[in-house]
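Participant: Enclosed is the structure file start_17.cif (mmCIF, C-alpha atoms and all ligand atoms).
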data_protein
#
loop_
_atom_site.label_atom_id
_atom_site.label_comp_id
_atom_site.auth_asym_id
_atom_site.auth_seq_id
_atom_site.Cartn_x
_atom_site.Cartn_y
_atom_site.Cartn_z
CA MET O 1 71.37 -103.91 144.81
CA SER O 2 72.83 -100.77 146.31
CA ASP O 3 73.24 -100.20 150.01
CA TYR O 4 71.03 -97.14 149.78
CA ASN O 5 68.34 -99.02 147.89
CA GLN O 6 65.51 -97.78 150.07
CA PHE O 7 66.19 -94.29 148.75
CA GLU O 8 67.12 -95.23 145.19
CA ASP O 9 64.43 -93.08 143.53
CA PHE O 10 64.81 -90.07 145.77
CA ASP O 11 66.15 -86.68 144.74
CA PRO O 12 69.63 -85.60 145.90
CA GLU O 13 68.24 -83.12 148.44
CA THR O 14 66.51 -86.01 150.22
CA LEU O 15 69.40 -88.45 149.82
CA ALA O 16 71.76 -85.95 151.44
CA ILE O 17 69.63 -85.96 154.58
CA ARG O 18 68.22 -89.49 154.69
CA ALA O 19 70.19 -92.05 152.66
CA GLY O 20 71.73 -94.96 154.51
CA PHE O 21 70.32 -94.22 157.97
CA GLU O 22 68.40 -97.03 159.59
CA ARG O 23 66.49 -97.09 162.82
CA SER O 24 68.81 -98.42 165.53
CA GLN O 25 68.03 -100.22 168.77
CA ASN O 26 67.91 -96.95 170.68
CA GLY O 27 65.80 -95.20 168.09
CA GLU O 28 67.91 -92.05 168.10
CA HIS O 29 66.71 -89.60 165.44
CA SER O 30 70.08 -88.09 164.53
CA GLU O 31 73.14 -89.93 163.29
CA PRO O 32 75.23 -91.08 166.29
CA ILE O 33 79.02 -91.06 166.58
CA TYR O 34 80.45 -94.44 167.47
CA LEU O 35 83.78 -93.87 169.18
CA THR O 36 85.18 -97.36 169.59
CA SER O 37 88.34 -98.91 168.25
CA SER O 38 87.14 -102.51 168.47
CA TYR O 39 83.95 -104.57 168.64
CA LEU O 40 82.72 -107.44 170.82
CA PHE O 41 82.17 -110.94 169.52
CA ASP O 42 79.52 -113.31 170.88
CA SER O 43 81.88 -116.27 171.13
CA ALA O 44 85.19 -117.63 169.89
CA GLU O 45 83.31 -119.11 166.92
CA ASP O 46 81.75 -115.73 166.12
CA ALA O 47 85.16 -114.03 166.33
CA ALA O 48 86.71 -116.60 164.01
CA ALA O 49 83.86 -116.29 161.49
CA ARG O 50 84.02 -112.49 161.44
CA PHE O 51 87.79 -112.51 161.10
CA ASN O 52 87.80 -114.91 158.17
CA GLY O 53 84.93 -113.12 156.47
CA GLU O 54 82.37 -115.97 156.71
CA LYS O 55 80.17 -113.69 158.76
CA SER O 56 79.68 -109.96 158.24
CA GLY O 57 80.02 -107.60 161.16
CA PRO O 58 82.50 -105.13 162.57
CA VAL O 59 85.93 -106.29 163.76
CA TYR O 60 88.18 -103.28 164.22
CA ALA O 61 87.91 -99.54 163.52
CA ARG O 62 90.68 -99.52 160.92
CA TYR O 63 88.31 -101.78 158.92
CA THR O 64 84.86 -100.39 159.69
CA ASN O 65 82.97 -97.95 161.88
CA PRO O 66 79.18 -97.45 161.78
CA THR O 67 79.41 -93.63 161.55
CA VAL O 68 81.98 -93.83 158.77
CA ASP O 69 79.89 -96.53 156.99
CA LEU O 70 76.88 -94.22 157.05
CA PHE O 71 78.87 -91.34 155.54
CA GLU O 72 80.10 -93.72 152.82
CA ARG O 73 76.59 -94.93 151.99
CA ARG O 74 75.21 -91.41 151.85
CA LEU O 75 77.99 -90.08 149.63
CA ALA O 76 77.67 -93.12 147.32
CA ALA O 77 73.94 -92.43 147.04
CA LEU O 78 74.60 -88.79 146.14
CA GLU O 79 77.21 -89.65 143.52
CA ARG O 80 75.07 -92.57 142.24
CA GLY O 81 77.93 -95.02 142.77
CA ASP O 82 77.70 -98.61 144.01
CA GLY O 83 79.73 -97.71 147.06
CA ALA O 84 82.24 -95.35 148.64
CA VAL O 85 85.33 -95.64 150.82
CA ALA O 86 86.05 -92.79 153.25
CA THR O 87 89.65 -91.82 153.95
CA ALA O 88 91.65 -89.64 156.34
CA SER O 89 92.10 -86.86 153.76
CA GLY O 90 91.54 -86.08 150.11
CA MET O 91 95.16 -86.96 149.38
CA SER O 92 94.82 -90.35 151.04
CA ALA O 93 91.74 -91.01 148.87
CA ILE O 94 93.91 -90.46 145.79
CA LEU O 95 96.80 -92.48 147.23
CA SER O 96 94.52 -95.38 148.21
CA THR O 97 92.95 -95.45 144.74
CA CYS O 98 96.38 -95.56 143.11
CA MET O 99 97.75 -98.20 145.49
CA ALA O 100 94.68 -100.36 144.94
CA LEU O 101 94.49 -100.11 141.16
CA LEU O 102 98.06 -99.58 139.89
CA SER O 103 101.15 -101.78 139.64
CA SER O 104 104.72 -101.19 138.58
CA GLY O 105 104.87 -100.68 134.81
CA ASP O 106 101.42 -99.08 134.62
CA GLU O 107 101.01 -95.58 133.24
CA VAL O 108 98.77 -92.69 134.26
CA ILE O 109 97.73 -89.65 132.29
CA CYS O 110 97.08 -86.71 134.56
CA SER O 111 95.78 -83.22 133.82
CA LYS O 112 98.32 -80.43 134.35
CA ASP O 113 95.54 -78.52 136.11
CA VAL O 114 95.25 -80.60 139.27
CA PHE O 115 95.78 -79.93 142.96
CA GLY O 116 99.51 -79.43 143.68
CA SER O 117 99.92 -82.42 146.00
CA THR O 118 98.22 -84.65 143.43
CA THR O 119 100.93 -83.71 140.95
CA GLY O 120 103.54 -84.45 143.64
CA LEU O 121 102.03 -87.86 144.44
CA PHE O 122 102.27 -88.96 140.81
CA SER O 123 105.58 -87.31 139.87
CA LYS O 124 107.55 -87.88 143.07
CA TYR O 125 106.17 -90.93 144.89
CA LEU O 126 104.41 -93.24 142.44
CA ALA O 127 107.34 -92.73 140.05
CA LYS O 128 109.59 -94.36 142.68
CA PHE O 129 107.61 -97.58 142.24
CA GLY O 130 107.76 -97.69 138.46
CA ILE O 131 104.48 -95.97 137.70
CA LYS O 132 104.91 -93.42 134.95
CA THR O 133 102.68 -90.34 134.71
CA HIS O 134 102.22 -88.16 131.63
CA PHE O 135 101.00 -84.64 132.47
CA VAL O 136 98.80 -83.20 129.74
CA GLY O 137 96.83 -79.95 129.38
CA LEU O 138 93.17 -80.42 130.33
CA ALA O 139 91.79 -78.69 127.25
CA ASP O 140 93.59 -80.79 124.61
CA ILE O 141 91.96 -84.24 124.52
CA ASN O 142 93.99 -85.16 121.42
CA ALA O 143 97.16 -84.81 123.48
CA TRP O 144 95.60 -87.25 125.99
CA ARG O 145 94.85 -89.69 123.18
CA ALA O 146 98.44 -89.36 121.92
CA ALA O 147 99.76 -90.17 125.43
CA CYS O 148 97.57 -93.30 125.78
CA ASN O 149 99.02 -96.75 125.18
CA SER O 150 98.43 -100.36 126.24
CA ASN O 151 99.97 -99.66 129.69
CA THR O 152 97.61 -96.77 130.45
CA ARG O 153 95.48 -97.61 133.49
CA LEU O 154 94.13 -94.29 134.75
CA LEU O 155 93.11 -90.95 133.27
CA TYR O 156 93.04 -88.42 136.12
CA LEU O 157 91.46 -84.95 136.05
CA GLU O 158 89.58 -82.20 137.90
CA THR O 159 86.76 -80.20 136.33
CA PRO O 160 86.31 -77.29 136.68
CA SER O 161 90.01 -76.86 137.30
CA ASN O 162 91.72 -74.86 140.00
CA PRO O 163 92.22 -71.87 139.75
CA LEU O 164 91.37 -71.13 136.10
CA CYS O 165 87.99 -72.93 136.00
CA ARG O 166 88.82 -74.86 132.82
CA VAL O 167 86.12 -77.43 132.00
CA ALA O 168 86.70 -80.97 130.66
CA ASP O 169 84.16 -82.88 128.58
CA LEU O 170 83.58 -85.85 130.89
CA ASN O 171 81.72 -87.95 128.29
CA ALA O 172 84.60 -87.57 125.82
CA PHE O 173 87.21 -88.49 128.46
CA GLY O 174 85.06 -91.45 129.52
CA GLU O 175 85.00 -92.73 125.93
CA LEU O 176 88.76 -92.30 125.60
CA ALA O 177 89.30 -94.27 128.83
CA ARG O 178 87.09 -97.12 127.60
CA GLU O 179 88.87 -97.20 124.24
CA PHE O 180 92.17 -97.93 126.05
CA LYS O 181 90.58 -100.10 128.78
CA ALA O 182 91.72 -97.51 131.31
CA LYS O 183 89.68 -95.93 134.10
CA LEU O 184 88.60 -92.30 134.25
CA VAL O 185 89.11 -90.82 137.73
CA VAL O 186 87.52 -87.42 138.41
CA ASP O 187 88.27 -85.27 141.44
CA ASN O 188 84.81 -83.77 142.06
CA CYS O 189 85.88 -81.55 144.94
CA PHE O 190 84.88 -78.24 143.29
CA CYS O 191 81.37 -79.24 142.24
CA THR O 192 80.38 -81.93 144.75
CA PRO O 193 77.53 -84.27 143.75
CA ALA O 194 75.12 -81.38 144.36
CA LEU O 195 76.30 -79.80 141.08
CA GLN O 196 77.92 -82.61 139.05
CA ARG O 197 77.87 -86.40 139.10
CA PRO O 198 80.83 -87.62 137.01
CA LEU O 199 79.77 -91.30 137.21
CA GLU O 200 76.72 -90.37 135.11
CA HIS O 201 79.08 -88.90 132.47
CA GLY O 202 81.44 -91.81 131.92
CA ALA O 203 83.79 -91.57 134.94
CA ASP O 204 84.70 -94.83 136.73
CA LEU O 205 85.81 -93.33 140.03
CA VAL O 206 85.12 -90.08 141.84
CA ILE O 207 87.53 -88.56 144.36
CA HIS O 208 86.59 -86.13 147.12
CA SER O 209 88.46 -83.95 149.50
CA ALA O 210 85.67 -83.86 152.10
CA THR O 211 87.76 -81.15 153.77
CA LYS O 212 86.27 -78.63 151.35
CA TYR O 213 82.57 -78.35 150.47
CA LEU O 214 81.37 -81.61 152.07
CA ASP O 215 82.37 -80.22 155.45
CA GLY O 216 81.60 -76.72 154.21
CA GLN O 217 82.82 -74.92 157.32
CA GLY O 218 86.54 -75.61 157.22
CA ARG O 219 86.77 -77.80 160.31
CA CYS O 220 87.73 -81.40 159.48
CA LEU O 221 90.12 -83.19 157.16
CA GLY O 222 88.78 -86.13 155.18
CA GLY O 223 88.33 -87.69 151.77
CA ALA O 224 86.50 -90.37 149.85
CA VAL O 225 86.52 -92.50 146.72
CA VAL O 226 83.26 -93.52 145.02
CA GLY O 227 82.85 -96.17 142.33
CA SER O 228 81.90 -99.72 141.39
CA ARG O 229 81.59 -102.46 143.95
CA ALA O 230 84.68 -104.25 142.58
CA ASP O 231 86.86 -101.13 142.68
CA MET O 232 85.65 -100.22 146.17
CA GLU O 233 86.62 -103.68 147.42
CA GLU O 234 90.17 -103.13 146.15
CA VAL O 235 90.42 -99.67 147.72
CA ARG O 236 88.97 -100.91 151.01
CA ALA O 237 91.44 -103.78 151.11
CA PHE O 238 94.29 -101.24 150.88
CA LEU O 239 92.76 -99.16 153.68
CA ARG O 240 92.29 -102.17 155.96
CA THR O 241 95.93 -103.08 155.62
CA CYS O 242 97.56 -99.67 155.47
CA GLY O 243 95.23 -97.57 157.59
CA PRO O 244 94.45 -94.11 156.17
CA THR O 245 90.87 -94.41 157.46
CA MET O 246 88.49 -91.58 158.30
CA SER O 247 87.83 -90.93 161.98
CA ALA O 248 84.29 -91.46 163.28
CA PHE O 249 84.15 -87.89 164.55
CA ASN O 250 85.08 -86.46 161.17
CA ALA O 251 82.53 -88.71 159.43
CA TRP O 252 79.87 -87.32 161.79
CA VAL O 253 80.87 -83.74 160.93
CA PHE O 254 80.72 -84.55 157.20
CA LEU O 255 77.26 -86.13 157.65
CA LYS O 256 76.12 -82.81 159.13
CA GLY O 257 77.73 -81.05 156.18
CA LEU O 258 75.93 -83.20 153.62
CA GLU O 259 72.53 -82.26 155.03
CA THR O 260 72.98 -78.66 153.87
CA LEU O 261 75.15 -79.39 150.81
CA SER O 262 72.70 -78.51 148.08
CA LEU O 263 71.52 -75.33 149.81
CA ARG O 264 75.10 -74.24 150.34
CA MET O 265 76.24 -75.08 146.80
CA SER O 266 73.34 -73.05 145.35
CA ARG O 267 74.27 -70.05 147.46
CA HIS O 268 78.02 -70.42 146.78
CA SER O 269 77.22 -70.54 143.04
CA GLU O 270 74.85 -67.56 143.21
CA ASN O 271 77.38 -65.45 145.11
CA ALA O 272 80.25 -66.47 142.81
CA LEU O 273 78.30 -65.59 139.66
CA ALA O 274 77.31 -62.21 141.10
CA LEU O 275 80.91 -61.56 142.12
CA ALA O 276 82.28 -62.60 138.71
CA LEU O 277 79.90 -60.21 136.93
CA TRP O 278 80.78 -57.41 139.35
CA LEU O 279 84.54 -58.01 139.02
CA GLN O 280 84.27 -57.68 135.22
CA GLU O 281 83.06 -54.10 135.74
CA GLN O 282 85.94 -53.04 137.99
CA PRO O 283 88.60 -50.84 136.30
CA GLU O 284 91.52 -52.57 138.09
CA VAL O 285 90.46 -56.03 136.85
CA GLU O 286 91.90 -57.39 133.62
CA HIS O 287 90.13 -60.75 133.24
CA VAL O 288 87.74 -62.98 135.23
CA ASN O 289 87.87 -66.82 135.09
CA TYR O 290 84.51 -68.35 135.95
CA ALA O 291 82.71 -70.98 133.87
CA GLY O 292 79.38 -69.27 134.63
CA LEU O 293 80.32 -66.31 132.40
CA PRO O 294 78.94 -66.90 128.87
CA GLU O 295 82.23 -65.78 127.28
CA HIS O 296 84.23 -68.39 129.26
CA PRO O 297 85.37 -71.18 126.89
CA GLY O 298 83.93 -73.84 129.24
CA TYR O 299 80.51 -72.20 129.62
CA GLU O 300 78.53 -74.43 127.20
CA LEU O 301 80.05 -77.64 128.52
CA ALA O 302 79.67 -76.66 132.17
CA SER O 303 76.03 -75.74 131.49
CA LYS O 304 75.47 -79.28 130.21
CA GLN O 305 77.29 -81.38 132.80
CA GLN O 306 76.87 -79.18 135.89
CA SER O 307 73.67 -77.85 137.45
CA ALA O 308 75.44 -74.64 138.56
CA PHE O 309 78.96 -73.23 138.27
CA GLY O 310 80.31 -73.56 141.80
CA GLY O 311 81.91 -71.20 144.28
CA VAL O 312 85.49 -70.75 143.07
CA LEU O 313 86.64 -68.09 140.62
CA SER O 314 89.87 -66.31 139.81
CA PHE O 315 90.76 -63.01 138.21
CA THR O 316 93.79 -61.08 137.03
CA VAL O 317 94.42 -57.48 138.02
CA LYS O 318 96.15 -54.85 135.89
CA GLY O 319 99.81 -54.93 136.92
CA GLY O 320 101.99 -57.73 138.26
CA ARG O 321 102.63 -59.44 141.55
CA GLU O 322 102.77 -56.11 143.43
CA ALA O 323 99.29 -55.19 142.23
CA ALA O 324 97.88 -58.60 143.22
CA TRP O 325 99.51 -58.42 146.65
CA ALA O 326 98.32 -54.82 147.15
CA CYS O 327 94.75 -55.95 146.48
CA ILE O 328 95.00 -58.89 148.90
CA ASN O 329 96.64 -56.76 151.58
CA GLY O 330 94.04 -54.03 151.14
CA ILE O 331 91.07 -56.17 152.11
CA LYS O 332 89.89 -55.97 155.69
CA TRP O 333 88.09 -59.17 156.66
CA LEU O 334 87.99 -61.70 153.80
CA SER O 335 90.23 -64.60 154.88
CA ILE O 336 93.70 -64.76 153.35
CA THR O 337 94.05 -68.54 153.27
CA ALA O 338 94.57 -71.28 150.72
CA ASN O 339 91.58 -73.33 151.86
CA LEU O 340 88.41 -73.32 149.83
CA GLY O 341 84.85 -74.57 150.06
CA ASP O 342 84.25 -72.76 153.33
CA ALA O 343 81.25 -70.67 154.42
CA LYS O 344 83.84 -67.91 154.83
CA THR O 345 85.14 -66.26 151.65
CA THR O 346 88.85 -66.95 151.15
CA ILE O 347 91.36 -65.17 148.94
CA VAL O 348 94.83 -66.27 147.87
CA HIS O 349 97.67 -65.46 145.45
CA PRO O 350 98.22 -68.84 143.67
CA ALA O 351 101.62 -68.02 142.10
CA THR O 352 103.29 -67.60 145.51
CA THR O 353 101.25 -70.10 147.56
CA THR O 354 99.32 -73.08 146.12
CA HIS O 355 101.44 -73.08 142.95
CA GLY O 356 104.59 -71.60 144.50
CA ARG O 357 106.64 -74.78 144.23
CA LEU O 358 106.25 -75.03 140.46
CA SER O 359 109.08 -73.74 138.27
CA ASP O 360 108.47 -70.48 136.37
CA GLN O 361 108.02 -72.49 133.21
CA GLU O 362 105.50 -74.90 134.79
CA ARG O 363 103.56 -71.96 136.21
CA GLY O 364 103.59 -70.25 132.82
CA GLU O 365 102.30 -73.40 131.12
CA ALA O 366 99.59 -73.77 133.74
CA GLY O 367 98.49 -70.15 133.21
CA ILE O 368 99.22 -69.13 136.81
CA THR O 369 100.36 -65.57 136.19
CA ASP O 370 101.74 -63.23 138.87
CA ASN O 371 98.67 -60.99 138.67
CA LEU O 372 96.19 -63.83 139.33
CA ILE O 373 94.03 -63.92 142.46
CA ARG O 374 91.74 -66.82 143.46
CA VAL O 375 88.60 -66.36 145.50
CA SER O 376 86.54 -69.14 147.06
CA VAL O 377 83.27 -67.28 147.42
CA GLY O 378 81.61 -67.96 150.75
CA LEU O 379 78.08 -67.65 152.08
CA GLU O 380 78.31 -64.09 153.45
CA SER O 381 76.27 -61.26 151.94
CA ILE O 382 77.48 -60.54 148.42
CA ASN O 383 77.28 -56.80 149.17
CA ASP O 384 79.73 -57.11 152.02
CA ILE O 385 82.08 -59.32 149.97
CA GLN O 386 82.09 -56.76 147.16
CA THR O 387 82.69 -53.87 149.55
CA ASP O 388 85.78 -55.58 150.96
CA LEU O 389 87.14 -56.50 147.54
CA ARG O 390 86.51 -52.91 146.40
CA ARG O 391 88.72 -51.82 149.30
CA GLY O 392 91.47 -54.17 148.09
CA LEU O 393 91.18 -53.18 144.43
CA SER O 394 91.39 -49.48 145.35
CA CYS O 395 94.83 -50.13 146.84
CA ILE O 396 96.09 -51.06 143.36
CA LEU O 397 95.35 -47.61 141.93
CA ALA O 398 97.00 -46.06 144.98
CA GLU O 399 100.29 -47.81 144.11
C1 LIG O 401 92.24 -79.93 148.87
C2 LIG O 401 92.16 -80.74 147.65
C3 LIG O 401 92.66 -82.04 147.60
C4 LIG O 401 93.37 -82.67 148.79
O1 LIG O 401 92.52 -82.85 149.84
P1 LIG O 401 93.03 -82.88 151.39
O2 LIG O 401 91.76 -83.16 152.12
O3 LIG O 401 93.63 -81.55 151.67
O4 LIG O 401 94.02 -83.98 151.49
C5 LIG O 401 92.52 -82.76 146.45
N1 LIG O 401 91.93 -82.22 145.35
C6 LIG O 401 91.44 -80.97 145.35
C7 LIG O 401 90.79 -80.44 144.12
C8 LIG O 401 91.54 -80.18 146.48
O5 LIG O 401 91.07 -78.93 146.47
#
What would you get if you wrote out this structure as structure tokens?
Ligand SMILES: *Cc1c(COP(=O)(O)O)cnc(C)c1O

Facilitator:
Amino acid sequence: MSDYNQFEDFDPETLAIRAGFERSQNGEHSEPIYLTSSYLFDSAEDAAARFNGEKSGPVYARYTNPTVDLFERRLAALERGDGAVATASGMSAILSTCMALLSSGDEVICSKDVFGSTTGLFSKYLAKFGIKTHFVGLADINAWRAACNSNTRLLYLETPSNPLCRVADLNAFGELAREFKAKLVVDNCFCTPALQRPLEHGADLVIHSATKYLDGQGRCLGGAVVGSRADMEEVRAFLRTCGPTMSAFNAWVFLKGLETLSLRMSRHSENALALALWLQEQPEVEHVNYAGLPEHPGYELASKQQSAFGGVLSFTVKGGREAAWACINGIKWLSITANLGDAKTTIVHPATTTHGRLSDQERGEAGITDNLIRVSVGLESINDIQTDLRRGLSCILAE
């Protein structure tokens, strides 16, 4: 039985607002923040029983906190997982999953199109402890199959990918994982459970950077892992010992974020689609990457496994780095920042920021060209967003 059983049959819009919350002694109507590092025991016997696990109940905030627990239950309900473990950041969610599930000698296959620090975690740090990672292009599942062997433990990917919006067939990757008795881990940061639930398409674990759309207003850092009860126990055991736990305050902010998640994701998706179509008409624009465009290679697949196409798109301008920079510098109020998933529209030049540490060859292979610009489309009026981008694009012709 799931922790959110009372709401099992409810729709996501209701789960996001109600799941996991129980009437407390005080009867408060909104979710409280519990700021306490430790908890009282009734007696020495009670303390001993809670410490050795004979009795359930809170012990210490590195292990559990009621506000964090509630965020975990609600996110698990939304992703349709048995449970969730909240972490201090998205990166610590990925680290905790790896530390819990991998040992020296194990191998990972990771998409080349993943968040930069994710690549660094696998290639620089896990490699130090004898865990080997093969980086493979997201689109070529046969290359993934060729890289699989009896040591393969995890297949790791993001879909749609950042910043080119490539789409992976989750069911096919799930089958491949099962064939090799490996686990499929999907970073669902771009879609959130409002648009895509990877566990329903064959994934074993879902990763979140709550910092992005779950917060939705760019204020707090946090992350989470969602999955089976057995896997969550392993991840939680790592957290209890090593400590990258989510703070109660941040969990409270994310709970507020979840209440408006589906409304926001609909509006982000609507604005992004409108902007993608508009960008295609602009003379300075060469190509637009957005899975919501019917000519995008991932359109059919995204239409099947997502309920909308999300808020992030990218486009290339005619010219090189100078043209891209001229466009970014020509805008007046859109935020030049690498963050995404914010109510505020953000714009960034991936080749010299988020993907700046890659070698020229790696960037070329990843398709991050010098004339590429990424936009995380916010919740402002689409007219105003277009007017500002028009200002930026006009600066290219002026060059
Ligand atoms: C931001 C991000 C992360 C890392 O999350 P942090 O909260 O910044 O640690 C992981 N994956 C994706 C897709 C991201 O966008």

Participant: In Å, rounded to a single decimal, give me how far CA of Glu107 (chain O) is from CA of Glu365 (chain O).

Facilitator: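 Answer for the CA of Glu365 (chain O) to CA of Glu107 (chain O) separation: 22.3 Å.
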
Participant: Counting all atoms listed in the file, what residues are within 6 Å of ligand LIG 401 (chain O), given as a list of chain:residue names?

Facilitator: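 Going residue by residue within 6 Å of ligand LIG 401 (chain O), we get O:Ser89, O:Gly90, O:Met91, O:Phe115, O:Cys189, O:Ser209, O:Thr211, O:Leu221, O:Gly222, O:Gly223.
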
Participant: Taking 2 positions as the minimum chain separation for residues in the same chain, which residues sit within 8 Å of Ala351 (chain O) when counting all atoms listed in the file? Answer as a VMD selection string.

Facilitator: chain O and resid 349 353 to 356 363 368 to 370 372

Participant: For Gly130 (chain O), which residue among O:Asn65, O:Thr97, O:Ser37, O:Ser104 is the nearest when counting all atoms listed in the file?

Facilitator: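 Comparing O:Asn65, O:Thr97, O:Ser37, O:Ser104 against Gly130 (chain O), the winner is O:Ser104.
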
Participant: I'd like to know which of O:Trp144, O:Glu175, O:Phe71, O:Thr159 is closest to Asn250 (chain O), using only C-alpha atoms.

Facilitator: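 Selected residue with least distance to Asn250 (chain O): O:Phe71.
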
Participant: Go through O:Leu40, O:Leu176, O:Ala127, O:Val167 and flag the residue nearest Tyr290 (chain O), using all atoms listed in the file for the distances.

Facilitator: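 Once distances to Tyr290 (chain O) are computed over all atoms listed in the file, the minimum belongs to O:Val167.
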
Participant: Within 12 Å of Tyr63 (chain O), counting only C-alpha atoms, which residues qualify if same-chain residues fewer than 3 places away don't, as a PyMOL selection string?

Facilitator: chain O and resi 36-39+50-51+56-60+66+68-69+85-87+233+235-248

Participant: Please measure the separation of CA of Thr64 (chain O) and CA of Gly27 (chain O), giving the value in Å to one decimal.

Facilitator: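 We find that CA of Thr64 (chain O) and CA of Gly27 (chain O) lie 21.5 Å from each other.
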